[in-house]
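Enquirer: Below you'll find the structure I mean.
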Amino acid sequence: LVDSEPISAAVTAELLTARGVPLATEDVLARFTGLSAATTKAIIEERFGVRLGEDFDRDKRRRLDAAFDARLRPVPGMPELVGSLAATGRRFCVASSSTPHRIDRSLAVTGLDRHFPPAVRFSATMVRHGKPAPDLFLLAAARLGVEPAACVVVEDSPFGVEAGLAAGMTVVGPWTPSRSSPTEPALRNRHEQPG
């Protein structure tokens, strides 16, 4: 829906570097895109031996809000796609690794919130295991009253694609502006089994 990852990665890299974890924006994008904020934070703390306190979360939220307000846009074609789905009466939702606040902010800033009432906004904070586990997608399907096999997941991260496949759903991995190539070809080799 929105290409928020480059913005989030830049803010995260800046905050981490200030705390002695010198990761570039590209590193954050490559390592953590599609993971929840809590999982990302836990990995960084373990891997780099640092403690990122509540001030890190507060700073990140404040800076992301300002950056989203200034720069966040919908992925080209997504407003039209969502509008056409709404016109046909098909059920659809957001199932994101982001926090509820970030989901709400992203939808409001881009004007997509009118298509996604709160009842169809699902965050990784609502399940025990975020992506690449299937929990979030299975929760969304259950709440919408749809069998997983009848669901189509539109994903832009490797962890999200893995989660959708693990949930038994059809997964579409579109190109987004922050990617140099579509997600799906990059993942195909990870999921193909020999023979």
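Chains: A, B, ... in order of the structure tokens. Residues: from 1 per chain. Ligands: from 1, in order shown.
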Residues of range 31-117 of chain A in helix (DSSP H, G or I) according to DSSP, as a PyMOL selection string?

Expert: chain A and resi 31-32+37-48+54-71+78-88+100-110+112-115

Enquirer: Write out as a PyMOL selection string the residues lying within 8 Å of range 38-42 of chain A, counting only C-alpha atoms and excluding same-chain residues fewer than 4 positions away.

Expert: chain A and resi 32+46+52

Enquirer: Would you write out those residues with N, CA, C and O atoms, as a CSV table (one decimal), in the first residue's frame?

Expert:
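Below is the file result.csv, written as the result:
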chain,number,residue,atom,x,y,z
A,32,PHE,N,16.0,-6.2,8.0
A,32,PHE,CA,14.9,-6.2,8.8
A,32,PHE,C,13.5,-5.9,8.2
A,32,PHE,O,12.5,-5.9,8.8
A,46,GLU,N,20.6,-8.3,20.7
A,46,GLU,CA,21.3,-9.5,20.9
A,46,GLU,C,22.6,-9.5,20.0
A,46,GLU,O,23.7,-9.8,20.5
A,52,LEU,N,18.4,-1.1,23.9
A,52,LEU,CA,17.7,0.0,23.3
A,52,LEU,C,16.4,0.2,24.2
A,52,LEU,O,15.5,-0.6,24.2

Enquirer: Excluding Val152 in chain A and residues on its chain fewer than 2 positions from it, collect all residues at most 6 Å away from it, counting only C-alpha atoms, and give them as JSON, numbers by chain.

Expert: {"A": [169, 170, 171]}

Enquirer: Just all heavy atoms for this one: save the residues we selected as a PDB file, in the first residue's frame.

Expert:
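Below you can see part_4.pdb, which holds the result:
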ATOM      1  N   MET A 169      -1.708 -19.437   1.669  1.00  0.00           N
ATOM      2  CA  MET A 169      -2.372 -18.428   0.844  1.00  0.00           C
ATOM      3  C   MET A 169      -1.603 -18.214  -0.461  1.00  0.00           C
ATOM      4  O   MET A 169      -0.424 -18.520  -0.555  1.00  0.00           O
ATOM      5  CB  MET A 169      -2.459 -17.113   1.622  1.00  0.00           C
ATOM      6  CG  MET A 169      -3.238 -17.234   2.914  1.00  0.00           C
ATOM      7  SD  MET A 169      -3.236 -15.685   3.875  1.00  0.00           S
ATOM      8  CE  MET A 169      -4.309 -16.136   5.239  1.00  0.00           C
ATOM      9  N   THR A 170      -2.304 -17.694  -1.452  1.00  0.00           N
ATOM     10  CA  THR A 170      -1.644 -17.275  -2.682  1.00  0.00           C
ATOM     11  C   THR A 170      -0.921 -15.971  -2.406  1.00  0.00           C
ATOM     12  O   THR A 170      -1.502 -15.049  -1.824  1.00  0.00           O
ATOM     13  CB  THR A 170      -2.678 -17.074  -3.812  1.00  0.00           C
ATOM     14  OG1 THR A 170      -3.344 -18.322  -4.033  1.00  0.00           O
ATOM     15  CG2 THR A 170      -2.015 -16.599  -5.097  1.00  0.00           C
ATOM     16  N   VAL A 171       0.331 -15.867  -2.821  1.00  0.00           N
ATOM     17  CA  VAL A 171       1.134 -14.682  -2.524  1.00  0.00           C
ATOM     18  C   VAL A 171       1.570 -14.010  -3.812  1.00  0.00           C
ATOM     19  O   VAL A 171       2.086 -14.658  -4.722  1.00  0.00           O
ATOM     20  CB  VAL A 171       2.380 -15.046  -1.683  1.00  0.00           C
ATOM     21  CG1 VAL A 171       3.199 -13.800  -1.375  1.00  0.00           C
ATOM     22  CG2 VAL A 171       1.968 -15.746  -0.393  1.00  0.00           C
TER      23      VAL A 171
END

Enquirer: Identify which of the residues A:Lys131, A:Gly145, A:Leu85, A:Ala140 lies closest to Ala166 in chain A, counting only C-alpha atoms when measuring atom-to-atom distances.

Expert: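 Answer, going by the shortest atom-to-atom distance: A:Lys131.
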
Enquirer: Go through A:Thr88, A:Ser157, A:Thr125, A:Thr110 one by one, measure the shortest atom-to-atom distance of each to Glu5 in chain A using only C-alpha atoms, and give the residue with the smallest value.

Expert: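 Going through A:Thr88, A:Ser157, A:Thr125, A:Thr110 one by one, the smallest distance to Glu5 in chain A is for A:Ser157.
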
Enquirer: Which neighbours of Val109 in chain A fall inside 8 Å, counting only C-alpha atoms, when residues of the same chain fewer than 4 positions from it are skipped, and could you give them as a PyMOL selection string?

Expert: chain A and resi 68-69+72-73+105

Enquirer: With a distance cut-off of 12 Å and only C-alpha atoms, select the neighbouring residues of Gly111 in chain A, excluding the residue or stretch itself and same-chain residues fewer than 5 positions from it, and output the selection as a PyMOL selection string.

Expert: chain A and resi 1-2+69+72-74+78-80+82-83+104-106+116

Enquirer: Could you check which of A:Asp55, A:Asp113, A:Asp156, A:Glu162 is closest to Ser4 in chain A, using only C-alpha atoms?

Expert: A:Asp156

Enquirer: I want to know what sits within 10 Å of Val153 in chain A, based on only C-alpha atoms, with residues of the same chain fewer than 3 positions away left out; could you give that as a PyMOL selection string?

Expert: chain A and resi 92-95+137+148+156+160-161+163-165+167+169-173

Enquirer: Write out, as a compact mmCIF listing (two decimals), in the first residue's frame, the residues just selected, with N, CA and C atoms.

Expert:
# COMPACT_ATOMS: atom_id res chain seq x y z
N PHE A 92 -11.14 -7.13 2.13
CA PHE A 92 -9.69 -6.96 2.13
C PHE A 92 -9.30 -6.25 3.41
N CYS A 93 -8.01 -6.33 3.73
CA CYS A 93 -7.54 -5.79 5.00
C CYS A 93 -6.06 -5.43 4.89
N VAL A 94 -5.54 -4.85 5.96
CA VAL A 94 -4.11 -4.64 6.14
C VAL A 94 -3.64 -5.62 7.20
N ALA A 95 -2.59 -6.38 6.92
CA ALA A 95 -1.98 -7.28 7.90
C ALA A 95 -0.48 -6.99 7.88
N PHE A 137 -1.43 -13.47 9.25
CA PHE A 137 -2.32 -13.70 8.11
C PHE A 137 -3.48 -14.63 8.48
N PRO A 148 -8.06 -19.61 4.58
CA PRO A 148 -6.74 -19.18 4.11
C PRO A 148 -6.49 -19.49 2.63
N ASP A 156 5.53 -7.23 0.04
CA ASP A 156 6.72 -6.60 -0.53
C ASP A 156 7.99 -6.94 0.24
N GLY A 160 7.39 -11.47 4.67
CA GLY A 160 5.95 -11.48 4.42
C GLY A 160 5.55 -12.56 3.42
N VAL A 161 6.36 -12.74 2.39
CA VAL A 161 6.08 -13.78 1.41
C VAL A 161 6.13 -15.15 2.10
N ALA A 163 5.57 -15.79 5.22
CA ALA A 163 4.40 -15.90 6.09
C ALA A 163 3.15 -16.26 5.30
N GLY A 164 2.96 -15.62 4.16
CA GLY A 164 1.80 -15.93 3.33
C GLY A 164 1.80 -17.36 2.82
N LEU A 165 2.96 -17.82 2.38
CA LEU A 165 3.07 -19.20 1.92
C LEU A 165 2.83 -20.18 3.06
N ALA A 167 0.97 -19.74 5.54
CA ALA A 167 -0.46 -19.70 5.88
C ALA A 167 -1.30 -20.44 4.85
N MET A 169 -1.71 -19.44 1.67
CA MET A 169 -2.37 -18.43 0.84
C MET A 169 -1.60 -18.21 -0.46
N THR A 170 -2.30 -17.69 -1.45
CA THR A 170 -1.64 -17.28 -2.68
C THR A 170 -0.92 -15.97 -2.41
N VAL A 171 0.33 -15.87 -2.82
CA VAL A 171 1.13 -14.68 -2.52
C VAL A 171 1.57 -14.01 -3.81
N VAL A 172 1.35 -12.71 -3.87
CA VAL A 172 1.80 -11.88 -4.98
C VAL A 172 2.84 -10.93 -4.41
N GLY A 173 4.02 -10.89 -5.02
CA GLY A 173 5.08 -10.01 -4.55
C GLY A 173 5.37 -8.92 -5.56

Enquirer: Which residues are close to Ser97 in chain A, i.e. within 8 Å by only C-alpha atoms, leaving aside same-chain residues fewer than 2 positions away? Reply as a ChimeraX atom specification.

Expert: /A:34-37,95,99,123-125,130-131

Enquirer: Suppose you want the space between CA of Glu14 in chain A and CA of Ile43 in chain A; what is it in Å?

Expert: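 Computing it gives 17.1 Å between the two atoms.
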
Enquirer: What gap, in Å, lies between CA of Leu107 in chain A and CA of Ala150 in chain A?

Expert: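 Rounded to one decimal, the two atoms are 25.2 Å apart.
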